[in-house]
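For reference, the structure discussed in these notes is given below.
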Protein chains: 2
Amino acid sequence: MKQLILTLAICISFQISAQSDAEILRTIYTNSLTNGMSYQWLDHLSNQIGGRLSGSLNAEKAVQYTKSEFEKLGVDKVWLQPVMVPRWVRGALEFAYIETAPGMTTNVNICALGGSVATPIGGLKAKVIEVGTYKDLEALGEDKIKGKIVFINRPMQPELINTFEAYGGCSSERYSGAREAAKYGAVGTIVRSLSSRMDDYPHTGSMSYGDLPVSQRIPSAAISTNDAELLSNMLALNKDINFYFKQNCKQLEDVQSYNVIAEITGSEFPNEIILVGGHLDSWDLGDGSHDDGAGVVQSMDVLRLLKESGIRPKRTIRAVLFMNEENGLRGGRKYAEVAKSKNENHVFALESDSGGFTPRGFSFQCSDAMLNKIQSWRPLFKPYLIHYFEKGYGGADISPLKSDNIVLAGLRPDSQRYFDHHHAANDTFEAVNKRELELGAASMTSLVYLIDTYGTQLISDEVELKD
Amino acid sequence: MKQLILTLAICISFQISAQSDAEILRTIYTNSLTNGMSYQWLDHLSNQIGGRLSGSLNAEKAVQYTKSEFEKLGVDKVWLQPVMVPRWVRGALEFAYIETAPGMTTNVNICALGGSVATPIGGLKAKVIEVGTYKDLEALGEDKIKGKIVFINRPMQPELINTFEAYGGCSSERYSGAREAAKYGAVGTIVRSLSSRMDDYPHTGSMSYGDLPVSQRIPSAAISTNDAELLSNMLALNKDINFYFKQNCKQLEDVQSYNVIAEITGSEFPNEIILVGGHLDSWDLGDGSHDDGAGVVQSMDVLRLLKESGIRPKRTIRAVLFMNEENGLRGGRKYAEVAKSKNENHVFALESDSGGFTPRGFSFQCSDAMLNKIQSWRPLFKPYLIHYFEKGYGGADISPLKSDNIVLAGLRPDSQRYFDHHHAANDTFEAVNKRELELGAASMTSLVYLIDTYGTQLISDEVELKD
């Protein structure tokens, strides 16, 4: 008992006495790894709620759940910010097959791309023309495309170390493929899934018809990487095979939803806002654990870990769970619009939307001077193997906040496995490792602590750390 | 066709012309990620062969398979090095339950520890005494221990970032627990599995009775982390519950097995040997994909990637697939013994035995001067996010080679998930990510290339890179 009291006394004094930055980071990481809430929250979001497509019942459940969990934390403010979101629904039963001769069919795995129109009620069957990129369409011309299904078979480049770069290299095939193919009279498009793996999961994601008249819009689906290879091989043997697919998706009226917001009000500079966030909506095929349940629960845990670690921030720390990143970015746009109308001063925004994998560091949209300042914190992060502090993208939801007065930042987890799961039915809770998720939450909290302590206003590049 | 010829011409010239180190590393990584063999070899080792406990039929199949694959590579020499290995077998059916009252039982998941004796033929049932570490036994004394099963319930510390450190903190409970408990008259030991996760898998691993007489040896098993918590909670409610377990393992006579060795003979300094290796044996519960199928196939791929990348090494590069790391280290000892008897000059040895996860860097047993030299290569590795170059352990199999003339090194992959799978039934092929495995093989090949190019003999700390 004496020992217990002593231990408690040490703990309490440890929290309130002046600590070095290194000690504070150690406290944050220990708290995350020993009593973090990220994993438990993600379990609920993923397994009790599930996929959270904008406008769905699940998305609304997630709004209520996270608001209620924020309230339990006893932070200074919790509120919902209304935002109108698009509502696209997949509908029941989508399927596809390759037909080599009448009655000779091979089923393949497809899913409608988000935003696509449905096929005719009886499905769509046509000859197929394969291209490597939608840019090949022009050379083929209407003659060779008209009446056919365009199959865009562009694999992610495996030699790129950062898988986001490989994704970026072919995401426009998915986004714009149908629009481009329709111009040449195609009746549908089938796009190779943007996945780093060979497997049977089709990966959805947003697509757009741009300003194409409604009457010219053609259905567009993703096909699994294994089946893309199969289809390509079968076409090499016989150009005259038919492809059949049926999907029942539709775009309904916009509905009201919410960004979920919570904050710890700053003790010295309450008007300087440091934002952390992720997006609460997800695609519908899996439960959205990596994209972006992980970013949601990590952002929530930043507020909690600051409190648990006895940190009273000088600036306002605000966690924002954005709605509708996947197919509209309405939440991110609304948040920035309201912030502007209220003349709020956001000095820093950090987004976690790259999966719940082992964190490697952060990317920053900022000045050289600010990057130098952040890089001077490297030694503090070294014990946690956080080594990546480079210029780069912050995140989609925070991008509308961009101005000269804000530093935008993104958590950069290890990217090797992300696109194995991204937008597919295997983006599930089981694919998230508890420790990896918790290390991400701790890394975000540590960066937020340092930004709060040392600010983003630079007088010179010289930075002294507390020791 | 013209384009193909041009591409081929570029490829060939790319291989034979003078390239910078940065270009060579880029070629190595690209080759590994686009046409690496690691994953395919691992698929065979794991799914066509399976767990490879020393002395088992599977271990011998793995010897023949890897020898044959080495031969297909067209390297300069391939041979088997005979070594006598212990043969411990698990036997059929092991099971356990907690008995709260006669007939009231709850099954729990256990597995015999490697090297343990069997229980009596009808199993072993006794009261349980729980300790946090085997060091608590002395304070309890024979009075409280005699006739009971000692339950050592020591969790891995979650707050340690490097999970190997957490593992090291409690691996002696598993290794020495039974020997220590037997001294106080315990009839058996149950050890909490060394796992970073809460789940139902028991994790085996080696244990030793030291010089304890055979008649005093007591059976020892690991219990899953979930069931360790269950048992602990039930004991907190009622100290008088019984624990029953039955296991049928035994130690047979030693049998002959082999280290599998292949080399590319050095073009300038054939007598300077650079070794890369992993261990071919594994535990029997899973298929040993991470421990250490990954290290085996990565080491094999080092030879292949050097050839594929057009590198003709100056020094001899030798891949060694060691037998019997898990329960004897006989392969490692035999290799060092033969090397010494032949007066071979090993200048560098690199082991991969920490799982097939995303590589973070390497640890080195070497001089400060050599570490400085290696750290000067950091910029070359930066594009591949390889950032960890620190002093530390090389690996078990290469440790018998230790001398003043050799640098020992270990690949350091991300460690967060390793002990979720280590020595358990879920150490399977599905738990290995292709890209992560291939990045490890490329990182090893790159380090070997640089060591071969710049040597390990230091005249000064100044190192110039080719550019």
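Order determines the names: the first chain of the structure tokens is A, the second B, and so forth; residues in each chain are numbered 1 upward, and ligands are numbered 1 upward as they are shown.
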
Residue list for chain A near chain B as a PyMOL selection string, 6 Å, only C-alpha atoms: chain A and resi 30+33+158-159

Per DSSP on the backbone, filter region 27-247 of chain A down to the residues in strand (DSSP E or B) and report them as an mmCIF file with C-alpha atoms, in the first residue's frame.
data_model
loop_
_atom_site.group_PDB
_atom_site.id
_atom_site.type_symbol
_atom_site.label_atom_id
_atom_site.label_comp_id
_atom_site.auth_asym_id
_atom_site.auth_seq_id
_atom_site.Cartn_x
_atom_site.Cartn_y
_atom_site.Cartn_z
ATOM 1 C CA LYS A 77 -16.559 22.070 -26.249
ATOM 2 C CA VAL A 78 -18.208 19.451 -28.418
ATOM 3 C CA TRP A 79 -20.497 20.305 -31.317
ATOM 4 C CA LEU A 80 -21.911 19.189 -34.632
ATOM 5 C CA GLN A 81 -21.427 21.327 -37.719
ATOM 6 C CA PRO A 82 -24.224 20.744 -40.262
ATOM 7 C CA VAL A 83 -23.260 20.039 -43.842
ATOM 8 C CA MET A 84 -25.308 18.864 -46.826
ATOM 9 C CA VAL A 85 -23.755 15.750 -48.391
ATOM 10 C CA PRO A 86 -24.353 13.785 -51.584
ATOM 11 C CA ARG A 87 -26.007 10.423 -51.218
ATOM 12 C CA TRP A 88 -24.931 7.761 -53.665
ATOM 13 C CA VAL A 89 -26.125 4.221 -53.007
ATOM 14 C CA PHE A 95 -22.091 -8.936 -60.767
ATOM 15 C CA ALA A 96 -20.161 -9.579 -63.918
ATOM 16 C CA TYR A 97 -18.909 -12.301 -66.169
ATOM 17 C CA ILE A 98 -16.796 -12.888 -69.232
ATOM 18 C CA GLU A 99 -18.617 -14.760 -72.005
ATOM 19 C CA THR A 100 -16.354 -16.647 -74.386
ATOM 20 C CA ALA A 101 -19.216 -18.321 -76.271
ATOM 21 C CA MET A 104 -19.786 -20.239 -71.605
ATOM 22 C CA THR A 105 -19.201 -17.733 -68.822
ATOM 23 C CA THR A 106 -16.626 -17.031 -66.128
ATOM 24 C CA ASN A 107 -17.686 -14.895 -63.177
ATOM 25 C CA VAL A 108 -15.419 -12.022 -62.232
ATOM 26 C CA ILE A 110 -16.449 -6.117 -59.834
ATOM 27 C CA CYS A 111 -17.936 -3.236 -57.891
ATOM 28 C CA ALA A 112 -19.540 -0.033 -59.098
ATOM 29 C CA GLY A 114 -18.737 5.708 -56.515
ATOM 30 C CA LEU A 124 -24.967 -4.550 -70.055
ATOM 31 C CA LYS A 125 -23.220 -6.935 -72.436
ATOM 32 C CA ALA A 126 -20.747 -5.821 -75.063
ATOM 33 C CA LYS A 127 -17.406 -6.504 -76.700
ATOM 34 C CA VAL A 128 -14.392 -5.202 -74.856
ATOM 35 C CA ILE A 129 -11.531 -2.994 -75.898
ATOM 36 C CA GLU A 130 -8.524 -2.926 -73.576
ATOM 37 C CA VAL A 131 -6.360 0.162 -73.088
ATOM 38 C CA ILE A 149 -16.930 -1.621 -73.002
ATOM 39 C CA VAL A 150 -13.592 0.107 -72.447
ATOM 40 C CA PHE A 151 -11.353 -1.900 -70.127
ATOM 41 C CA ILE A 152 -8.650 0.322 -68.605
ATOM 42 C CA GLY A 188 -19.383 1.193 -70.172
ATOM 43 C CA THR A 189 -15.961 1.136 -68.527
ATOM 44 C CA ILE A 190 -14.224 -1.471 -66.429
ATOM 45 C CA VAL A 191 -11.193 -0.164 -64.544
ATOM 46 C CA ARG A 192 -8.454 -2.299 -62.995
ATOM 47 C CA SER A 206 -14.895 8.139 -56.682
ATOM 48 C CA SER A 220 -18.311 2.292 -64.633
ATOM 49 C CA ALA A 221 -17.008 -0.476 -62.381
ATOM 50 C CA ALA A 222 -13.715 -1.624 -60.900
ATOM 51 C CA ILE A 223 -12.528 -5.179 -61.455
ATOM 52 C CA ASN A 242 -18.270 -10.435 -74.408
ATOM 53 C CA PHE A 243 -18.230 -8.813 -71.018
ATOM 54 C CA TYR A 244 -21.425 -8.587 -69.004
ATOM 55 C CA PHE A 245 -22.005 -6.519 -65.897
ATOM 56 C CA LYS A 246 -24.945 -5.370 -63.890
#

Using only C-alpha atoms, which residues sit within 8 Å of Ala182 (chain B) once same-chain residues fewer than 4 positions away are excluded, as a PyMOL selection string? chain B and resi 178+186-188+216-218

From the list B:Asp291, B:Glu326, B:Asp452, B:Glu337, which residue is nearest Gly355 (chain B) when using only C-alpha atoms? B:Asp291

Can you pull out every residue within 10 Å of region 55-69 of chain A, counting only C-alpha atoms, but drop anything in the same chain fewer than 2 positions away, and send it as JSON, numbers by chain? {"A": [41, 44, 45, 46, 48, 49, 50, 51, 52, 53, 71, 72, 73, 74, 78, 79, 80, 84, 85, 86, 87, 88, 89, 252, 253, 254, 255, 256, 257, 258, 259, 260, 261, 262, 280, 281, 282, 284, 296, 297, 300, 321, 322, 323, 324]}

Preceding selection exported with N, CA and C atoms as a short mmCIF file (atom, residue, chain, number, x, y, z; two decimals), in the first residue's frame:
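Now in out_12.cif:
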data_model
loop_
_atom_site.label_atom_id
_atom_site.label_comp_id
_atom_site.auth_asym_id
_atom_site.auth_seq_id
_atom_site.Cartn_x
_atom_site.Cartn_y
_atom_site.Cartn_z
N TRP A 41 -12.15 2.40 -29.68
CA TRP A 41 -13.06 3.22 -30.47
C TRP A 41 -13.18 2.67 -31.90
N HIS A 44 -15.46 -0.28 -32.16
CA HIS A 44 -16.87 0.10 -32.20
C HIS A 44 -17.26 0.64 -33.58
N LEU A 45 -16.49 1.61 -34.05
CA LEU A 45 -16.80 2.22 -35.36
C LEU A 45 -16.88 1.16 -36.46
N SER A 46 -15.96 0.19 -36.42
CA SER A 46 -15.85 -0.80 -37.49
C SER A 46 -16.82 -1.95 -37.32
N GLN A 48 -19.30 -2.38 -34.69
CA GLN A 48 -20.67 -2.11 -34.22
C GLN A 48 -21.41 -1.22 -35.22
N ILE A 49 -20.66 -0.40 -35.96
CA ILE A 49 -21.31 0.47 -36.95
C ILE A 49 -21.04 -0.06 -38.36
N GLY A 50 -19.78 -0.03 -38.79
CA GLY A 50 -19.44 -0.55 -40.12
C GLY A 50 -19.21 0.56 -41.14
N GLY A 51 -19.25 0.20 -42.41
CA GLY A 51 -19.01 1.17 -43.49
C GLY A 51 -19.91 2.39 -43.34
N ARG A 52 -19.37 3.57 -43.64
CA ARG A 52 -20.06 4.82 -43.29
C ARG A 52 -20.12 5.76 -44.49
N LEU A 53 -20.75 5.30 -45.54
CA LEU A 53 -20.85 6.13 -46.75
C LEU A 53 -21.72 7.36 -46.45
N GLU A 71 -17.87 13.76 -25.70
CA GLU A 71 -18.47 14.33 -24.49
C GLU A 71 -17.95 13.64 -23.23
N LYS A 72 -17.76 12.32 -23.33
CA LYS A 72 -17.25 11.58 -22.17
C LYS A 72 -15.84 12.03 -21.76
N LEU A 73 -15.10 12.58 -22.73
CA LEU A 73 -13.72 12.97 -22.43
C LEU A 73 -13.64 14.21 -21.55
N GLY A 74 -14.75 14.94 -21.44
CA GLY A 74 -14.72 16.14 -20.61
C GLY A 74 -13.86 17.25 -21.20
N VAL A 78 -17.91 20.48 -27.42
CA VAL A 78 -18.21 19.45 -28.42
C VAL A 78 -19.42 19.93 -29.22
N TRP A 79 -19.32 19.90 -30.54
CA TRP A 79 -20.50 20.31 -31.32
C TRP A 79 -20.54 19.64 -32.69
N LEU A 80 -21.72 19.70 -33.27
CA LEU A 80 -21.91 19.19 -34.63
C LEU A 80 -22.02 20.38 -35.59
N MET A 84 -24.53 19.67 -45.88
CA MET A 84 -25.31 18.86 -46.83
C MET A 84 -24.34 17.97 -47.61
N VAL A 85 -24.66 16.68 -47.70
CA VAL A 85 -23.76 15.75 -48.39
C VAL A 85 -24.49 14.99 -49.49
N PRO A 86 -23.75 14.59 -50.52
CA PRO A 86 -24.35 13.78 -51.58
C PRO A 86 -24.68 12.39 -51.05
N ARG A 87 -25.64 11.77 -51.66
CA ARG A 87 -26.01 10.42 -51.22
C ARG A 87 -26.07 9.51 -52.43
N TRP A 88 -25.00 8.76 -52.59
CA TRP A 88 -24.93 7.76 -53.66
C TRP A 88 -25.11 6.40 -53.01
N VAL A 89 -25.93 5.55 -53.60
CA VAL A 89 -26.13 4.22 -53.01
C VAL A 89 -25.79 3.14 -54.04
N LEU A 252 -28.97 9.79 -55.09
CA LEU A 252 -30.21 10.32 -54.53
C LEU A 252 -30.02 11.80 -54.21
N GLU A 253 -31.05 12.39 -53.61
CA GLU A 253 -30.97 13.79 -53.20
C GLU A 253 -29.93 13.97 -52.08
N ASP A 254 -29.29 15.11 -52.03
CA ASP A 254 -28.40 15.44 -50.92
C ASP A 254 -29.15 15.36 -49.59
N VAL A 255 -28.43 14.98 -48.55
CA VAL A 255 -29.05 14.94 -47.22
C VAL A 255 -28.15 15.69 -46.24
N GLN A 256 -28.73 16.03 -45.08
CA GLN A 256 -27.93 16.74 -44.09
C GLN A 256 -27.11 15.76 -43.27
N SER A 257 -25.87 16.10 -43.06
CA SER A 257 -25.04 15.34 -42.15
C SER A 257 -24.20 16.34 -41.35
N TYR A 258 -23.10 15.87 -40.75
CA TYR A 258 -22.37 16.74 -39.82
C TYR A 258 -20.88 16.44 -39.81
N ASN A 259 -20.09 17.50 -39.60
CA ASN A 259 -18.75 17.33 -39.07
C ASN A 259 -18.88 17.28 -37.54
N VAL A 260 -18.09 16.40 -36.90
CA VAL A 260 -18.12 16.30 -35.44
C VAL A 260 -16.85 16.98 -34.91
N ILE A 261 -17.04 17.92 -34.01
CA ILE A 261 -15.92 18.77 -33.58
C ILE A 261 -15.83 18.80 -32.05
N ALA A 262 -14.63 18.74 -31.55
CA ALA A 262 -14.41 18.87 -30.10
C ALA A 262 -13.15 19.67 -29.88
N LEU A 280 -14.84 10.90 -41.15
CA LEU A 280 -15.74 9.94 -40.52
C LEU A 280 -16.44 9.07 -41.55
N ASP A 281 -16.64 9.60 -42.74
CA ASP A 281 -17.29 8.78 -43.77
C ASP A 281 -16.27 7.78 -44.32
N SER A 282 -16.78 6.74 -44.96
CA SER A 282 -15.90 5.76 -45.62
C SER A 282 -16.66 5.22 -46.82
N ASP A 284 -18.36 1.89 -48.72
CA ASP A 284 -19.36 0.99 -48.14
C ASP A 284 -18.95 -0.48 -48.17
N VAL A 296 -9.79 8.95 -37.63
CA VAL A 296 -10.82 9.45 -36.72
C VAL A 296 -10.44 9.17 -35.27
N VAL A 297 -10.14 7.91 -34.97
CA VAL A 297 -9.89 7.55 -33.57
C VAL A 297 -8.55 8.12 -33.09
N MET A 300 -9.29 11.71 -32.21
CA MET A 300 -10.00 11.75 -30.93
C MET A 300 -9.01 11.53 -29.79
N LEU A 321 -13.79 15.68 -37.07
CA LEU A 321 -14.08 14.45 -37.81
C LEU A 321 -14.95 14.87 -39.00
N PHE A 322 -14.31 14.94 -40.15
CA PHE A 322 -14.95 15.49 -41.35
C PHE A 322 -15.88 14.46 -41.98
N MET A 323 -17.00 14.97 -42.51
CA MET A 323 -17.93 14.12 -43.23
C MET A 323 -17.69 14.28 -44.73
N ASN A 324 -17.79 13.15 -45.46
CA ASN A 324 -17.86 13.19 -46.94
C ASN A 324 -16.54 13.52 -47.65
#

Return the single residue from B:Asp301, B:Glu263, B:Asp200, B:Glu344 that is closest to His421 (chain B), with distances computed using only C-alpha atoms. B:Asp200

Using only C-alpha atoms, which residue out of A:Pro413, A:Gly455, A:Gly36, A:Gly295 lies closest to Ala319 (chain A)?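 Comparing A:Pro413, A:Gly455, A:Gly36, A:Gly295 against Ala319 (chain A), the winner is A:Gly295.
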
Give me, please, the distance in Å between CA of Gln40 (chain B) and CA of Gly132 (chain A), quoted to one decimal. 26.5 Å

Closest to Ala118 (chain B) among B:Asn426, B:Ser443, B:Ser215, B:Gln247, using only C-alpha atoms? B:Gln247

Region 267-278 of chain A environment, 8 Å, only C-alpha atoms, sequence neighbours closer than 6 positions dropped, as an mmCIF file with C-alpha atoms, in the first residue's frame:
data_model
loop_
_atom_site.group_PDB
_atom_site.id
_atom_site.type_symbol
_atom_site.label_atom_id
_atom_site.label_comp_id
_atom_site.auth_asym_id
_atom_site.auth_seq_id
_atom_site.Cartn_x
_atom_site.Cartn_y
_atom_site.Cartn_z
ATOM 1 C CA ASP A 292 -10.342 6.519 -42.325
ATOM 2 C CA GLY A 293 -11.534 5.013 -39.067
ATOM 3 C CA ALA A 294 -7.897 5.069 -37.992
ATOM 4 C CA GLY A 295 -7.558 8.815 -38.565
ATOM 5 C CA VAL A 296 -10.819 9.452 -36.721
ATOM 6 C CA SER A 299 -7.598 12.420 -33.791
ATOM 7 C CA VAL A 302 -4.998 13.341 -29.405
ATOM 8 C CA ARG A 312 -2.716 22.006 -20.656
ATOM 9 C CA PRO A 313 -2.313 23.476 -24.122
ATOM 10 C CA LYS A 314 -1.673 27.184 -24.612
ATOM 11 C CA ARG A 315 -3.474 27.180 -27.930
ATOM 12 C CA THR A 316 -6.867 25.728 -28.764
ATOM 13 C CA ILE A 317 -6.602 22.106 -29.870
ATOM 14 C CA ARG A 318 -9.535 21.102 -32.018
ATOM 15 C CA ALA A 319 -10.309 17.604 -33.295
ATOM 16 C CA VAL A 320 -12.479 17.596 -36.408
ATOM 17 C CA LEU A 321 -14.082 14.449 -37.808
ATOM 18 C CA PHE A 322 -14.954 15.492 -41.347
ATOM 19 C CA GLU A 344 -10.979 32.008 -37.011
ATOM 20 C CA ASN A 345 -7.206 31.844 -36.895
ATOM 21 C CA HIS A 346 -6.040 28.324 -37.723
ATOM 22 C CA VAL A 347 -2.271 28.116 -37.308
ATOM 23 C CA PHE A 348 -1.759 24.403 -37.855
ATOM 24 C CA ALA A 349 -3.824 21.494 -39.209
ATOM 25 C CA LEU A 350 -2.780 17.844 -39.131
ATOM 26 C CA GLU A 351 -4.708 15.154 -40.970
ATOM 27 C CA SER A 352 -4.432 11.395 -40.562
ATOM 28 C CA ASP A 353 -5.865 9.793 -43.680
ATOM 29 C CA ASP A 397 -10.156 17.553 -45.663
ATOM 30 C CA VAL A 448 0.624 18.812 -31.619
ATOM 31 C CA ASP A 452 1.458 24.216 -29.247
#

I need the residues in region 43-125 of chain A that are alpha helix (DSSP H) according to DSSP; give them as a list in words. Asp43, Leu57, Asn58, Ala59, Glu60, Lys61, Ala62, Val63, Gln64, Tyr65, Thr66, Lys67, Ser68, Glu69, Phe70, Glu71 and Lys72 of chain A

Keeping N, CA and C atoms, export the residues of the selection given above as a PDB file, in the first residue's frame.
ATOM      1  N   ASP A  43     -12.768  -0.373 -32.877  1.00  0.00           N
ATOM      2  CA  ASP A  43     -13.541  -1.616 -32.804  1.00  0.00           C
ATOM      3  C   ASP A  43     -15.036  -1.288 -32.904  1.00  0.00           C
ATOM      4  N   LEU A  57     -27.283   5.580 -43.022  1.00  0.00           N
ATOM      5  CA  LEU A  57     -27.639   5.462 -41.607  1.00  0.00           C
ATOM      6  C   LEU A  57     -26.380   5.272 -40.766  1.00  0.00           C
ATOM      7  N   ASN A  58     -25.450   4.446 -41.267  1.00  0.00           N
ATOM      8  CA  ASN A  58     -24.212   4.209 -40.519  1.00  0.00           C
ATOM      9  C   ASN A  58     -23.424   5.495 -40.301  1.00  0.00           C
ATOM     10  N   ALA A  59     -23.405   6.348 -41.315  1.00  0.00           N
ATOM     11  CA  ALA A  59     -22.676   7.611 -41.158  1.00  0.00           C
ATOM     12  C   ALA A  59     -23.285   8.421 -40.023  1.00  0.00           C
ATOM     13  N   GLU A  60     -24.609   8.417 -39.951  1.00  0.00           N
ATOM     14  CA  GLU A  60     -25.269   9.172 -38.870  1.00  0.00           C
ATOM     15  C   GLU A  60     -25.016   8.538 -37.510  1.00  0.00           C
ATOM     16  N   LYS A  61     -24.980   7.191 -37.479  1.00  0.00           N
ATOM     17  CA  LYS A  61     -24.637   6.511 -36.221  1.00  0.00           C
ATOM     18  C   LYS A  61     -23.235   6.903 -35.768  1.00  0.00           C
ATOM     19  N   ALA A  62     -22.331   6.999 -36.729  1.00  0.00           N
ATOM     20  CA  ALA A  62     -20.947   7.350 -36.401  1.00  0.00           C
ATOM     21  C   ALA A  62     -20.861   8.775 -35.870  1.00  0.00           C
ATOM     22  N   VAL A  63     -21.678   9.671 -36.431  1.00  0.00           N
ATOM     23  CA  VAL A  63     -21.730  11.046 -35.920  1.00  0.00           C
ATOM     24  C   VAL A  63     -22.153  11.030 -34.447  1.00  0.00           C
ATOM     25  N   GLN A  64     -23.214  10.327 -34.158  1.00  0.00           N
ATOM     26  CA  GLN A  64     -23.728  10.303 -32.781  1.00  0.00           C
ATOM     27  C   GLN A  64     -22.741   9.633 -31.829  1.00  0.00           C
ATOM     28  N   TYR A  65     -22.156   8.534 -32.288  1.00  0.00           N
ATOM     29  CA  TYR A  65     -21.222   7.791 -31.428  1.00  0.00           C
ATOM     30  C   TYR A  65     -19.995   8.630 -31.075  1.00  0.00           C
ATOM     31  N   THR A  66     -19.386   9.251 -32.084  1.00  0.00           N
ATOM     32  CA  THR A  66     -18.154   9.993 -31.805  1.00  0.00           C
ATOM     33  C   THR A  66     -18.449  11.249 -30.987  1.00  0.00           C
ATOM     34  N   LYS A  67     -19.584  11.878 -31.250  1.00  0.00           N
ATOM     35  CA  LYS A  67     -19.965  13.038 -30.435  1.00  0.00           C
ATOM     36  C   LYS A  67     -20.087  12.622 -28.967  1.00  0.00           C
ATOM     37  N   SER A  68     -20.755  11.504 -28.758  1.00  0.00           N
ATOM     38  CA  SER A  68     -20.959  11.020 -27.396  1.00  0.00           C
ATOM     39  C   SER A  68     -19.629  10.646 -26.724  1.00  0.00           C
ATOM     40  N   GLU A  69     -18.705  10.057 -27.476  1.00  0.00           N
ATOM     41  CA  GLU A  69     -17.392   9.711 -26.898  1.00  0.00           C
ATOM     42  C   GLU A  69     -16.581  10.970 -26.585  1.00  0.00           C
ATOM     43  N   PHE A  70     -16.682  11.958 -27.452  1.00  0.00           N
ATOM     44  CA  PHE A  70     -16.005  13.238 -27.170  1.00  0.00           C
ATOM     45  C   PHE A  70     -16.544  13.821 -25.860  1.00  0.00           C
ATOM     46  N   GLU A  71     -17.866  13.755 -25.697  1.00  0.00           N
ATOM     47  CA  GLU A  71     -18.474  14.332 -24.486  1.00  0.00           C
ATOM     48  C   GLU A  71     -17.952  13.638 -23.230  1.00  0.00           C
ATOM     49  N   LYS A  72     -17.757  12.318 -23.332  1.00  0.00           N
ATOM     50  CA  LYS A  72     -17.247  11.580 -22.169  1.00  0.00           C
ATOM     51  C   LYS A  72     -15.841  12.030 -21.764  1.00  0.00           C
TER      52      LYS A  72
END

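For the atom pair formed by CA of Asn226 (chain B) and CA of Arg154 (chain B), the distance is 12.8 Å, given to one decimal.
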
Length of the CA of Leu25 (chain B) to CA of Phe389 (chain B) vector [Å]: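 Here the two named atoms are 16.9 Å from each other.
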
Extract, using only C-alpha atoms, all DNA, RNA and protein residues at most 6 Å from Lys391 (chain A), discarding same-chain residues fewer than 6 positions from it, and format them as an MDAnalysis selection string. chainID A and resid 363:365

Of the candidates B:Leu231, B:Leu113, B:Leu137, B:Cys249, which shows the shortest atom-to-atom distance to Ala92 (chain B), using only C-alpha atoms?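 Closest residue, counting only C-alpha atoms: B:Cys249.
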